[in-house]
$ cat start_13.cif   # mmCIF, C-alpha atoms
data_target
#
loop_
_atom_site.label_atom_id
_atom_site.label_comp_id
_atom_site.auth_asym_id
_atom_site.auth_seq_id
_atom_site.Cartn_x
_atom_site.Cartn_y
_atom_site.Cartn_z
CA MET H 1 0.00 0.00 0.00
CA ARG H 2 2.68 2.48 1.03
CA GLU H 3 4.69 1.53 -2.05
CA ILE H 4 1.82 2.37 -4.37
CA PHE H 5 1.29 5.64 -2.57
CA GLU H 6 4.98 6.52 -2.89
CA ALA H 7 4.76 5.80 -6.61
CA GLU H 8 1.71 8.04 -6.88
CA LEU H 9 3.47 10.90 -5.09
CA THR H 10 6.46 10.50 -7.42
CA GLN H 11 4.11 10.55 -10.39
CA LEU H 12 2.50 13.74 -9.06
CA GLY H 13 5.93 15.38 -8.88
CA ASP H 14 6.81 14.20 -12.39
CA ASP H 15 3.54 15.52 -13.77
CA LEU H 16 4.16 18.95 -12.23
CA VAL H 17 7.58 19.01 -13.90
CA ALA H 18 6.01 17.98 -17.23
CA MET H 19 3.42 20.75 -16.85
CA ALA H 20 6.13 23.32 -16.04
CA ARG H 21 8.01 22.23 -19.19
CA ARG H 22 4.90 22.91 -21.27
CA VAL H 23 4.72 26.36 -19.69
CA GLU H 24 8.40 26.93 -20.52
CA VAL H 25 7.77 26.05 -24.18
CA ALA H 26 4.71 28.31 -24.17
CA ILE H 27 6.45 31.40 -22.76
CA THR H 28 9.50 30.91 -24.98
CA SER H 29 7.37 30.51 -28.10
CA ALA H 30 5.10 33.40 -27.11
CA GLY H 31 8.11 35.72 -26.74
CA ARG H 32 9.60 34.65 -30.07
CA ALA H 33 6.26 34.98 -31.88
CA LEU H 34 5.77 38.45 -30.40
CA LEU H 35 9.10 39.81 -31.62
CA THR H 36 8.92 38.25 -35.07
CA ALA H 37 5.15 38.65 -35.67
CA ASP H 38 4.98 34.90 -36.22
CA LEU H 39 1.28 34.11 -36.44
CA PRO H 40 1.47 30.28 -36.68
CA LEU H 41 3.72 30.18 -33.61
CA ALA H 42 1.35 32.47 -31.70
CA GLU H 43 -1.57 30.27 -32.71
CA SER H 44 0.27 27.19 -31.44
CA VAL H 45 0.77 28.84 -28.03
CA ILE H 46 -2.94 29.69 -27.89
CA ALA H 47 -3.93 26.13 -28.85
CA ASP H 48 -1.43 24.52 -26.45
CA ASP H 49 -2.86 26.46 -23.52
CA LEU H 50 -5.85 24.13 -23.66
CA ALA H 51 -3.47 21.23 -23.02
CA ILE H 52 -1.97 23.05 -20.03
CA ASP H 53 -5.46 23.70 -18.68
CA ALA H 54 -6.28 20.01 -19.10
CA MET H 55 -3.12 19.05 -17.18
CA ASP H 56 -4.19 21.33 -14.34
CA ARG H 57 -7.64 19.77 -14.21
CA GLU H 58 -6.18 16.28 -14.27
CA LEU H 59 -3.56 16.97 -11.58
CA ASP H 60 -6.24 18.57 -9.50
CA GLU H 61 -8.51 15.54 -9.66
CA ARG H 62 -5.61 13.26 -8.92
CA CYS H 63 -4.68 15.23 -5.79
CA VAL H 64 -8.25 15.10 -4.52
CA THR H 65 -8.41 11.35 -5.20
CA LEU H 66 -5.13 10.86 -3.33
CA LEU H 67 -6.47 12.86 -0.39
CA ALA H 68 -9.62 10.75 -0.30
CA ARG H 69 -8.00 7.36 -0.78
CA GLN H 70 -4.73 7.70 1.12
CA GLN H 71 -5.83 9.99 3.95
CA PRO H 72 -2.32 11.40 4.13
CA VAL H 73 -0.90 13.32 7.08
CA ALA H 74 2.22 15.37 7.75
CA THR H 75 4.66 15.62 4.85
CA ASP H 76 2.55 13.59 2.41
CA LEU H 77 -0.38 15.90 3.01
CA ARG H 78 1.82 18.94 2.46
CA VAL H 79 3.10 17.49 -0.81
CA ILE H 80 -0.40 16.91 -2.14
CA VAL H 81 -1.83 20.27 -1.05
CA SER H 82 1.23 22.01 -2.51
CA GLY H 83 0.70 20.05 -5.73
CA LEU H 84 -2.84 21.43 -5.96
CA ARG H 85 -1.51 24.95 -5.51
CA ILE H 86 1.43 24.69 -7.86
CA ALA H 87 -0.76 23.23 -10.63
CA THR H 88 -3.06 26.27 -10.33
CA THR H 89 -0.07 28.62 -10.52
CA LEU H 90 1.36 26.86 -13.58
CA GLU H 91 -2.03 27.07 -15.24
CA ARG H 92 -2.00 30.85 -14.70
CA MET H 93 1.50 31.08 -16.17
CA GLY H 94 0.17 29.27 -19.24
CA ASP H 95 -2.66 31.81 -19.48
CA LEU H 96 -0.14 34.66 -19.45
CA ALA H 97 1.82 33.08 -22.31
CA ARG H 98 -1.49 32.81 -24.18
CA HIS H 99 -2.25 36.49 -23.51
CA VAL H 100 1.13 37.46 -25.02
CA ALA H 101 0.35 35.30 -28.05
CA GLN H 102 -3.11 36.88 -28.38
CA ILE H 103 -1.52 40.33 -28.64
CA THR H 104 0.71 38.99 -31.44
CA ARG H 105 -2.34 37.60 -33.22
CA ARG H 106 -4.38 40.78 -32.87
CA CYS H 107 -1.59 42.93 -34.35
CA TYR H 108 -0.68 40.57 -37.19
CA PRO H 109 0.67 41.24 -39.82
CA GLU H 110 2.13 44.19 -37.88
CA ARG H 111 4.55 43.46 -35.06
CA ALA H 112 3.00 44.55 -31.73
CA VAL H 113 6.27 45.99 -30.44
CA PRO H 114 7.72 49.13 -32.05
CA GLU H 115 11.44 49.23 -32.81
CA GLN H 116 12.26 51.47 -29.85
CA THR H 117 11.03 48.97 -27.25
CA VAL H 118 12.21 45.76 -28.93
CA ASP H 119 15.20 45.48 -26.58
CA LEU H 120 13.07 46.09 -23.50
CA VAL H 121 10.36 43.59 -24.45
CA SER H 122 12.98 41.09 -25.58
CA GLU H 123 14.61 41.35 -22.15
CA MET H 124 11.22 40.80 -20.48
CA GLY H 125 10.77 37.69 -22.60
CA HIS H 126 14.21 36.35 -21.69
CA ALA H 127 13.61 37.05 -17.98
CA ALA H 128 10.31 35.16 -18.20
CA GLU H 129 12.05 32.26 -19.95
CA ARG H 130 14.54 32.11 -17.08
CA VAL H 131 11.64 32.05 -14.62
CA ALA H 132 10.05 29.15 -16.52
CA GLU H 133 13.32 27.24 -16.83
CA ARG H 134 14.06 27.70 -13.13
CA THR H 135 10.52 26.69 -12.17
CA VAL H 136 11.07 23.39 -14.01
CA ARG H 137 14.41 22.92 -12.28
CA LEU H 138 13.09 23.80 -8.83
CA LEU H 139 10.20 21.34 -9.17
CA ALA H 140 12.59 18.64 -10.39
CA THR H 141 15.34 19.18 -7.77
CA ARG H 142 13.82 21.15 -4.84
CA ASP H 143 17.15 22.97 -4.74
CA LEU H 144 16.41 26.12 -2.73
CA ALA H 145 19.22 28.04 -4.42
CA VAL H 146 16.95 28.00 -7.48
CA ALA H 147 14.15 29.47 -5.36
CA ASP H 148 16.49 32.37 -4.53
CA ASP H 149 17.20 32.82 -8.24
CA LEU H 150 13.47 32.99 -8.93
CA GLU H 151 13.13 35.82 -6.45
CA ARG H 152 15.90 37.72 -8.21
CA ASP H 153 14.23 37.11 -11.60
CA ASP H 154 11.05 38.59 -10.17
CA ASP H 155 12.89 41.70 -8.99
CA HIS H 156 14.34 42.07 -12.46
CA LEU H 157 10.90 41.74 -14.08
CA ASP H 158 9.58 44.38 -11.68
CA GLU H 159 12.37 46.73 -12.83
CA LEU H 160 11.52 46.05 -16.47
CA HIS H 161 7.87 46.73 -15.66
CA THR H 162 8.82 50.15 -14.28
CA ALA H 163 11.06 50.73 -17.30
CA SER H 164 8.10 50.08 -19.60
CA PHE H 165 6.27 53.04 -18.06
CA ALA H 166 9.37 55.22 -18.38
CA ALA H 167 9.68 54.23 -22.05
CA GLN H 168 6.17 55.49 -22.78
CA LEU H 169 6.36 58.60 -20.64
CA GLY H 170 9.76 59.76 -21.88
CA GLY H 171 10.02 62.34 -24.62
CA THR H 172 11.38 59.84 -27.14
CA TRP H 173 8.27 57.63 -27.32
CA THR H 174 6.92 57.60 -30.88
CA GLY H 175 4.64 54.54 -30.65
CA THR H 176 0.96 54.65 -31.47
CA ARG H 177 -1.70 54.54 -28.75
CA GLN H 178 -2.36 50.90 -29.60
CA GLN H 179 1.35 50.15 -29.14
CA GLY H 180 1.20 51.98 -25.81
CA ILE H 181 -1.73 49.85 -24.67
CA ASP H 182 0.04 46.68 -25.80
CA LEU H 183 3.30 47.62 -24.06
CA THR H 184 1.39 48.30 -20.83
CA LEU H 185 -0.34 44.93 -21.05
CA LEU H 186 2.78 42.98 -22.05
CA ALA H 187 4.79 44.45 -19.18
CA ARG H 188 1.97 43.56 -16.80
CA TYR H 189 1.77 39.96 -18.11
CA TYR H 190 5.51 39.45 -17.82
CA GLU H 191 5.60 41.02 -14.38
CA ARG H 192 2.87 38.63 -13.21
CA PHE H 193 4.84 35.72 -14.64
CA GLY H 194 7.63 36.63 -12.21
CA ASP H 195 5.17 36.73 -9.30
CA HIS H 196 3.98 33.23 -10.14
CA GLY H 197 7.58 31.98 -10.16
CA VAL H 198 8.01 33.40 -6.66
CA SER H 199 4.78 31.73 -5.61
CA VAL H 200 6.11 28.32 -6.70
CA ALA H 201 9.39 29.12 -4.94
CA GLY H 202 7.48 29.82 -1.72
CA ARG H 203 5.53 26.57 -1.95
CA ILE H 204 8.68 24.50 -2.51
CA ARG H 205 10.48 26.33 0.28
CA TYR H 206 7.61 25.45 2.57
CA LEU H 207 7.73 21.80 1.48
CA VAL H 208 11.46 21.57 2.12
CA THR H 209 11.75 23.61 5.32
CA GLY H 210 8.21 23.46 6.73
CA GLU H 211 8.40 27.22 7.13
CA TRP H 212 6.36 29.70 5.26
CA PRO H 213 8.39 32.62 3.85
CA ASP H 214 7.47 36.06 5.20
CA ASP H 215 5.73 38.27 2.70
CA MET J 216 -16.59 13.86 16.86
CA ARG J 217 -18.82 14.32 13.82
CA GLU J 218 -20.55 17.20 15.56
CA ILE J 219 -17.28 19.04 16.10
CA PHE J 220 -16.35 18.44 12.48
CA GLU J 221 -19.70 19.79 11.30
CA ALA J 222 -19.13 22.90 13.41
CA GLU J 223 -15.68 23.32 11.88
CA LEU J 224 -17.06 23.05 8.35
CA THR J 225 -19.72 25.62 9.18
CA GLN J 226 -17.04 27.89 10.60
CA LEU J 227 -15.01 27.48 7.41
CA GLY J 228 -18.02 28.60 5.36
CA ASP J 229 -18.65 31.55 7.67
CA ASP J 230 -15.02 32.62 7.44
CA LEU J 231 -15.13 32.55 3.64
CA VAL J 232 -18.22 34.79 3.75
CA ALA J 233 -16.44 37.15 6.16
CA MET J 234 -13.42 37.25 3.86
CA ALA J 235 -15.64 37.97 0.84
CA ARG J 236 -17.25 40.83 2.78
CA ARG J 237 -13.82 42.35 3.37
CA VAL J 238 -13.16 42.09 -0.36
CA GLU J 239 -16.49 43.79 -1.05
CA VAL J 240 -15.57 46.70 1.23
CA ALA J 241 -12.13 46.88 -0.42
CA ILE J 242 -13.40 47.04 -4.01
CA THR J 243 -16.16 49.52 -3.14
CA SER J 244 -13.73 51.78 -1.28
CA ALA J 245 -11.08 51.44 -4.00
CA GLY J 246 -13.58 52.52 -6.67
CA ARG J 247 -14.78 55.49 -4.61
CA ALA J 248 -11.23 56.58 -3.76
CA LEU J 249 -10.26 56.36 -7.44
CA LEU J 250 -13.05 58.63 -8.66
CA THR J 251 -12.73 61.21 -5.87
CA ALA J 252 -8.90 61.11 -5.51
CA ASP J 253 -9.43 60.26 -1.83
CA LEU J 254 -5.96 59.42 -0.53
CA PRO J 255 -6.89 58.33 3.03
CA LEU J 256 -9.52 55.96 1.65
CA ALA J 257 -7.01 54.53 -0.87
CA GLU J 258 -4.49 54.09 1.95
CA SER J 259 -7.07 52.21 4.01
CA VAL J 260 -7.68 49.78 1.12
CA ILE J 261 -3.94 49.19 0.80
CA ALA J 262 -3.57 48.60 4.55
CA ASP J 263 -6.64 46.36 4.76
CA ASP J 264 -5.27 44.08 2.06
CA LEU J 265 -2.81 42.78 4.65
CA ALA J 266 -5.79 41.66 6.74
CA ILE J 267 -7.29 39.88 3.71
CA ASP J 268 -3.95 38.16 3.07
CA ALA J 269 -3.86 37.07 6.72
CA MET J 270 -7.37 35.63 6.43
CA ASP J 271 -6.25 33.62 3.40
CA ARG J 272 -3.24 32.26 5.25
CA GLU J 273 -5.35 31.36 8.27
CA LEU J 274 -8.12 29.69 6.25
CA ASP J 275 -5.48 27.81 4.35
CA GLU J 276 -3.87 26.43 7.49
CA ARG J 277 -7.26 25.52 8.90
CA CYS J 278 -8.17 23.56 5.77
CA VAL J 279 -4.91 21.62 5.89
CA THR J 280 -5.43 20.89 9.59
CA LEU J 281 -8.96 19.67 8.87
CA LEU J 282 -7.65 17.41 6.11
CA ALA J 283 -5.03 15.96 8.43
CA ARG J 284 -7.23 15.54 11.49
CA GLN J 285 -10.58 14.58 10.01
CA GLN J 286 -9.45 12.58 6.99
CA PRO J 287 -12.58 13.63 5.15
CA VAL J 288 -13.99 11.89 2.08
CA ALA J 289 -16.68 12.64 -0.49
CA THR J 290 -18.60 15.87 0.07
CA ASP J 291 -16.64 16.96 3.14
CA LEU J 292 -13.41 16.63 1.19
CA ARG J 293 -14.87 18.66 -1.67
CA VAL J 294 -15.97 21.39 0.74
CA ILE J 295 -12.49 21.70 2.24
CA VAL J 296 -10.58 21.60 -1.05
CA SER J 297 -13.00 24.16 -2.49
CA GLY J 298 -12.44 26.29 0.62
CA LEU J 299 -8.70 26.30 -0.07
CA ARG J 300 -9.33 27.38 -3.65
CA ILE J 301 -11.92 30.03 -2.91
CA ALA J 302 -9.73 31.61 -0.22
CA THR J 303 -6.91 31.94 -2.80
CA THR J 304 -9.32 33.55 -5.28
CA LEU J 305 -10.65 36.01 -2.69
CA GLU J 306 -7.08 36.91 -1.79
CA ARG J 307 -6.40 37.76 -5.45
CA MET J 308 -9.55 39.90 -5.56
CA GLY J 309 -8.22 41.80 -2.56
CA ASP J 310 -4.92 42.34 -4.40
CA LEU J 311 -6.79 43.81 -7.36
CA ALA J 312 -8.63 46.28 -5.09
CA ARG J 313 -5.22 47.22 -3.67
CA HIS J 314 -3.83 47.76 -7.18
CA VAL J 315 -6.70 50.15 -7.96
CA ALA J 316 -5.96 52.01 -4.71
CA GLN J 317 -2.25 52.17 -5.55
CA ILE J 318 -3.05 53.95 -8.83
CA THR J 319 -5.10 56.47 -6.84
CA ARG J 320 -2.19 57.01 -4.46
CA ARG J 321 0.39 57.40 -7.22
CA CYS J 322 -1.66 60.06 -9.01
CA TYR J 323 -2.66 62.01 -5.89
CA PRO J 324 -3.48 64.93 -5.66
CA GLU J 325 -4.56 64.50 -9.29
CA ARG J 326 -7.42 62.16 -10.06
CA ALA J 327 -6.16 59.19 -12.10
CA VAL J 328 -9.22 59.18 -14.36
CA PRO J 329 -9.76 62.05 -16.82
CA GLU J 330 -13.25 63.53 -17.12
CA GLN J 331 -13.98 61.78 -20.40
CA THR J 332 -13.65 58.27 -18.96
CA VAL J 333 -15.24 58.91 -15.55
CA ASP J 334 -18.50 57.28 -16.62
CA LEU J 335 -16.74 54.23 -18.06
CA VAL J 336 -14.48 53.67 -15.03
CA SER J 337 -17.38 54.35 -12.68
CA GLU J 338 -19.38 51.64 -14.46
CA MET J 339 -16.43 49.24 -14.13
CA GLY J 340 -16.33 49.97 -10.41
CA HIS J 341 -20.05 49.38 -10.01
CA ALA J 342 -19.86 46.12 -12.00
CA ALA J 343 -16.99 44.96 -9.73
CA GLU J 344 -19.02 45.89 -6.64
CA ARG J 345 -21.86 43.75 -7.95
CA VAL J 346 -19.40 40.87 -8.44
CA ALA J 347 -18.20 41.25 -4.85
CA GLU J 348 -21.70 41.53 -3.43
CA ARG J 349 -22.83 38.46 -5.37
CA THR J 350 -19.75 36.50 -4.35
CA VAL J 351 -20.69 37.13 -0.70
CA ARG J 352 -24.27 36.07 -1.40
CA LEU J 353 -23.27 32.96 -3.34
CA LEU J 354 -20.93 31.81 -0.56
CA ALA J 355 -23.62 32.46 2.05
CA THR J 356 -26.52 30.81 0.20
CA ARG J 357 -25.06 28.54 -2.53
CA ASP J 358 -27.95 29.75 -4.69
CA LEU J 359 -26.86 28.87 -8.24
CA ALA J 360 -28.97 31.67 -9.73
CA VAL J 361 -26.35 33.98 -8.20
CA ALA J 362 -23.63 32.00 -9.97
CA ASP J 363 -25.43 32.74 -13.27
CA ASP J 364 -25.51 36.44 -12.36
CA LEU J 365 -21.76 36.37 -11.73
CA GLU J 366 -21.20 35.05 -15.23
CA ARG J 367 -23.27 37.88 -16.68
CA ASP J 368 -21.32 40.41 -14.58
CA ASP J 369 -18.12 39.00 -16.03
CA ASP J 370 -19.44 39.39 -19.58
CA HIS J 371 -20.30 43.00 -18.79
CA LEU J 372 -16.81 43.66 -17.39
CA ASP J 373 -15.33 42.14 -20.55
CA GLU J 374 -17.39 44.57 -22.64
CA LEU J 375 -16.21 47.50 -20.51
CA HIS J 376 -12.63 46.25 -20.93
CA THR J 377 -13.06 46.40 -24.71
CA ALA J 378 -14.70 49.82 -24.40
CA SER J 379 -11.64 51.08 -22.50
CA PHE J 380 -9.48 50.35 -25.56
CA ALA J 381 -11.99 52.05 -27.85
CA ALA J 382 -11.99 55.11 -25.57
CA GLN J 383 -8.23 55.51 -25.96
CA LEU J 384 -8.08 54.70 -29.65
CA GLY J 385 -10.98 56.93 -30.69
CA GLY J 386 -10.33 60.41 -32.02
CA THR J 387 -11.83 62.10 -28.98
CA TRP J 388 -9.23 60.85 -26.45
CA THR J 389 -7.43 63.82 -24.88
CA GLY J 390 -5.89 62.06 -21.87
CA THR J 391 -2.17 62.09 -21.14
CA ARG J 392 0.01 59.03 -21.74
CA GLN J 393 0.02 58.37 -17.99
CA GLN J 394 -3.78 58.45 -17.99
CA GLY J 395 -3.72 56.02 -20.91
CA ILE J 396 -1.46 53.63 -19.00
CA ASP J 397 -3.68 53.90 -15.92
CA LEU J 398 -6.88 53.31 -17.89
CA THR J 399 -5.33 50.21 -19.50
CA LEU J 400 -4.31 48.87 -16.09
CA LEU J 401 -7.60 49.73 -14.36
CA ALA J 402 -9.63 48.03 -17.09
CA ARG J 403 -7.41 44.97 -16.79
CA TYR J 404 -7.77 44.86 -12.98
CA TYR J 405 -11.53 45.17 -13.14
CA GLU J 406 -11.77 42.61 -15.91
CA ARG J 407 -9.76 40.13 -13.79
CA PHE J 408 -12.07 40.81 -10.86
CA GLY J 409 -14.94 39.47 -13.00
CA ASP J 410 -12.92 36.36 -13.88
CA HIS J 411 -12.36 35.64 -10.20
CA GLY J 412 -16.09 35.96 -9.53
CA VAL J 413 -16.70 33.35 -12.24
CA SER J 414 -14.05 31.14 -10.67
CA VAL J 415 -15.88 31.20 -7.32
CA ALA J 416 -19.15 30.53 -9.17
CA GLY J 417 -17.56 27.45 -10.78
CA ARG J 418 -16.32 26.12 -7.43
CA ILE J 419 -19.72 26.54 -5.79
CA ARG J 420 -21.48 25.01 -8.78
CA TYR J 421 -19.17 22.01 -8.45
CA LEU J 422 -19.89 21.74 -4.72
CA VAL J 423 -23.64 21.85 -5.26
CA THR J 424 -23.95 19.69 -8.39
CA GLY J 425 -20.73 17.65 -8.33
CA GLU J 426 -20.23 18.64 -11.94
CA TRP J 427 -17.48 20.81 -13.22
CA PRO J 428 -18.69 23.54 -15.62
CA ASP J 429 -17.30 23.31 -19.16
CA ASP J 430 -14.80 26.00 -20.02
#
$ encode --input "start_13.cif" --output "C-alpha cells"
Amino acid sequence: MREIFEAELTQLGDDLVAMARRVEVAITSAGRALLTADLPLAESVIADDLAIDAMDRELDERCVTLLARQQPVATDLRVIVSGLRIATTLERMGDLARHVAQITRRCYPERAVPEQTVDLVSEMGHAAERVAERTVRLLATRDLAVADDLERDDDHLDELHTASFAAQLGGTWTGTRQQGIDLTLLARYYERFGDHGVSVAGRIRYLVTGEWPDD
Amino acid sequence: MREIFEAELTQLGDDLVAMARRVEVAITSAGRALLTADLPLAESVIADDLAIDAMDRELDERCVTLLARQQPVATDLRVIVSGLRIATTLERMGDLARHVAQITRRCYPERAVPEQTVDLVSEMGHAAERVAERTVRLLATRDLAVADDLERDDDHLDELHTASFAAQLGGTWTGTRQQGIDLTLLARYYERFGDHGVSVAGRIRYLVTGEWPDD
C-alpha cells in the first residue's frame, strides 16, 4: 500500500515538472512569436494552452483522489496540497503566455512591439524564460538556491515593468496609442509571470523547510 | 466527533463569507477613492489588504489541519478543497482592489481618471461591486442563480474592458500618456475581478452539483 502511494506521489511530482516544461515552451514561443510577428507560432501557443489547462484539471482531480483514498498526514499531506496549488499557478502562467500570443495575433501582420522597445520587451521575454526554466528545475530538484534565483528574476521583471512606463512617458516615445496599450499589457503579463515563479518558490520552500516565507 | 467536524465546516463557510465581505468593502472603497482622488480611503484599502492576506493564510492552514485531522472523504473533502481554492481567489480579488488604490495614491493629488472616462471607469467599479456583493451572497446561500448572475457580470466587465481600448483609440481621447497607462491597467484589474467571480461561481457550482462547468 505504502509503495503504491509513494509511486503516486512521485508521479505527481513528475507531472508537475512535465506541466512546467509545457509552460516553458509556451512562454519561450510566445516571446519569439511576439518579436517576429509569427502568427502560426502564436496560434500554437494559444492552442497549447488548452493542453496546459487540461493538465491542471487532471492533476487537481488526482490530488483530490489521493487525499480521499490515502488519507495522508504530515509531509505527504503537504506534498499533495502544494501540488494542488502549484498546478493552479502553472495554469495561470500558461494563461499569461497565451495572452502574449493573443496580442501577437491581434496585431498581425504588424509586429506589436515598435522598434524602440524591442530590446526592453525582448529582455522581459528572456527574464520570463529564465523564470520558466528555473521553475522546471526547482520542481525537479527542490534545490532552494533555485528558489532564490526565482526571487531575483522577479525583482528584475519588476524593474523592467517600471522601465516600460518610463519608455512610454519619456520624450522619445513615438509609438501609437495601440502600441502603448500593448506595451502596458505585455509588461503587466511578464511582471505577473515573475510573481507566479516566486509563488512556486514559496511553496517548494515550505515543502522543504516546513516554514512559510514572510511576505 | 462528527458534531465538532460539522461545526468546523460551518465555521469554514462563515469565514469565507467574512473574507468575501472584506473584499467587497475593499473594491467599493477602492472605486470610490479612485473617482474622488481620496488618498486616506485609498491608503485604508492598501492597509486592509494585509488583513485579507492574513485571512487567506489562516483559512489555508485551517483547511490543511482539517484534512489531516478529520481525513474527510466525499462531500466533506470537496468542501475543504474548495475552501482552499476560494480563499486563494478572494485573496487575489483583494490584491486587485489594492492595485486600484495604488493607482489612486500614485496620481494624488490629481485624479487618475480624466473627465472623459469617468462614466466608463465608474461603471467598471459598479460592476466589480456587484461581483463582490454576489460573491458574498453565493458563498452564504449557494444559490446557483447567483452564480449565473456572476457570469453575466463577467461578460459585462469584458465589454467594458473592450470599451476602454476604444476610448483611448478613438479620435476624442485627450488624456495624457500616464492616464492612458492607468486606464489600460484599471480596465485589466476590473476585468480580472470578473474572472475571479466566475471562478468562485464554478467552485460553488461544483460543490452543489458535483459537476465541473465546461470551459
$ atom_distance --input "start_13.cif" --atom1 "CA of Arg22 in chain H" --atom2 "CA of Val146 in chain H"
19.0 Å
$ resolve_selection --input "start_13.cif" --expression "the PyMOL selection byres ((chain J) within 8 of (chain H))" --output "PyMOL selection string"
chain J and resi 279+282-283+286-289+292+296+380+383-384+392-393+395-396+399-400
$ atom_distance --input "start_13.cif" --atom1 "CA of Arg111 in chain H" --atom2 "CA of Ala37 in chain H"
4.9 Å
$ residues_near_point --input "start_13.cif" --point "(6.3, 24.5, -0.1)" --cutoff "12 Å" --atoms "only C-alpha atoms" --output "ChimeraX atom specification"
/H:75-86,138-139,142-144,147,198-213
$ write_last_selection --input "start_13.cif" --atoms "C-alpha atoms" --output "CSV table (one decimal), keeping the file's coordinate frame"
chain,number,residue,atom,x,y,z
H,75,THR,CA,4.7,15.6,4.8
H,76,ASP,CA,2.6,13.6,2.4
H,77,LEU,CA,-0.4,15.9,3.0
H,78,ARG,CA,1.8,18.9,2.5
H,79,VAL,CA,3.1,17.5,-0.8
H,80,ILE,CA,-0.4,16.9,-2.1
H,81,VAL,CA,-1.8,20.3,-1.0
H,82,SER,CA,1.2,22.0,-2.5
H,83,GLY,CA,0.7,20.0,-5.7
H,84,LEU,CA,-2.8,21.4,-6.0
H,85,ARG,CA,-1.5,25.0,-5.5
H,86,ILE,CA,1.4,24.7,-7.9
H,138,LEU,CA,13.1,23.8,-8.8
H,139,LEU,CA,10.2,21.3,-9.2
H,142,ARG,CA,13.8,21.2,-4.8
H,143,ASP,CA,17.2,23.0,-4.7
H,144,LEU,CA,16.4,26.1,-2.7
H,147,ALA,CA,14.2,29.5,-5.4
H,198,VAL,CA,8.0,33.4,-6.7
H,199,SER,CA,4.8,31.7,-5.6
H,200,VAL,CA,6.1,28.3,-6.7
H,201,ALA,CA,9.4,29.1,-4.9
H,202,GLY,CA,7.5,29.8,-1.7
H,203,ARG,CA,5.5,26.6,-2.0
H,204,ILE,CA,8.7,24.5,-2.5
H,205,ARG,CA,10.5,26.3,0.3
H,206,TYR,CA,7.6,25.4,2.6
H,207,LEU,CA,7.7,21.8,1.5
H,208,VAL,CA,11.5,21.6,2.1
H,209,THR,CA,11.8,23.6,5.3
H,210,GLY,CA,8.2,23.5,6.7
H,211,GLU,CA,8.4,27.2,7.1
H,212,TRP,CA,6.4,29.7,5.3
H,213,PRO,CA,8.4,32.6,3.8
$ resolve_selection --input "start_13.cif" --expression "the PyMOL selection byres ((chain J and resi 250) around 12)" --output "MDAnalysis selection string"
chainID J and resid 243:249 251:254 256:257 315:316 318:320 322:330 332:341 401
$ atom_distance --input "start_13.cif" --atom1 "CA of Met1 in chain H" --atom2 "CA of Met216 in chain J"
27.4 Å
$ decode --input "start_13.cif" --residues "range 147-179 of chain H" --atoms "C-alpha atoms" --output "PDB file, in the first residue's frame"
ATOM      1  CA  ALA H 147      14.152  29.472  -5.360  1.00  0.00           C
ATOM      2  CA  ASP H 148      16.494  32.370  -4.531  1.00  0.00           C
ATOM      3  CA  ASP H 149      17.199  32.823  -8.242  1.00  0.00           C
ATOM      4  CA  LEU H 150      13.472  32.990  -8.935  1.00  0.00           C
ATOM      5  CA  GLU H 151      13.130  35.817  -6.450  1.00  0.00           C
ATOM      6  CA  ARG H 152      15.900  37.720  -8.213  1.00  0.00           C
ATOM      7  CA  ASP H 153      14.230  37.105 -11.596  1.00  0.00           C
ATOM      8  CA  ASP H 154      11.050  38.591 -10.173  1.00  0.00           C
ATOM      9  CA  ASP H 155      12.890  41.701  -8.987  1.00  0.00           C
ATOM     10  CA  HIS H 156      14.337  42.070 -12.455  1.00  0.00           C
ATOM     11  CA  LEU H 157      10.903  41.740 -14.084  1.00  0.00           C
ATOM     12  CA  ASP H 158       9.583  44.385 -11.680  1.00  0.00           C
ATOM     13  CA  GLU H 159      12.366  46.733 -12.833  1.00  0.00           C
ATOM     14  CA  LEU H 160      11.520  46.047 -16.465  1.00  0.00           C
ATOM     15  CA  HIS H 161       7.865  46.735 -15.656  1.00  0.00           C
ATOM     16  CA  THR H 162       8.823  50.151 -14.282  1.00  0.00           C
ATOM     17  CA  ALA H 163      11.065  50.730 -17.305  1.00  0.00           C
ATOM     18  CA  SER H 164       8.101  50.076 -19.597  1.00  0.00           C
ATOM     19  CA  PHE H 165       6.272  53.044 -18.057  1.00  0.00           C
ATOM     20  CA  ALA H 166       9.374  55.219 -18.381  1.00  0.00           C
ATOM     21  CA  ALA H 167       9.684  54.227 -22.049  1.00  0.00           C
ATOM     22  CA  GLN H 168       6.173  55.488 -22.780  1.00  0.00           C
ATOM     23  CA  LEU H 169       6.358  58.603 -20.640  1.00  0.00           C
ATOM     24  CA  GLY H 170       9.758  59.759 -21.880  1.00  0.00           C
ATOM     25  CA  GLY H 171      10.019  62.344 -24.623  1.00  0.00           C
ATOM     26  CA  THR H 172      11.377  59.842 -27.136  1.00  0.00           C
ATOM     27  CA  TRP H 173       8.270  57.634 -27.323  1.00  0.00           C
ATOM     28  CA  THR H 174       6.920  57.604 -30.877  1.00  0.00           C
ATOM     29  CA  GLY H 175       4.645  54.538 -30.653  1.00  0.00           C
ATOM     30  CA  THR H 176       0.962  54.647 -31.472  1.00  0.00           C
ATOM     31  CA  ARG H 177      -1.701  54.544 -28.752  1.00  0.00           C
ATOM     32  CA  GLN H 178      -2.356  50.902 -29.599  1.00  0.00           C
ATOM     33  CA  GLN H 179       1.348  50.153 -29.144  1.00  0.00           C
TER      34      GLN H 179
END
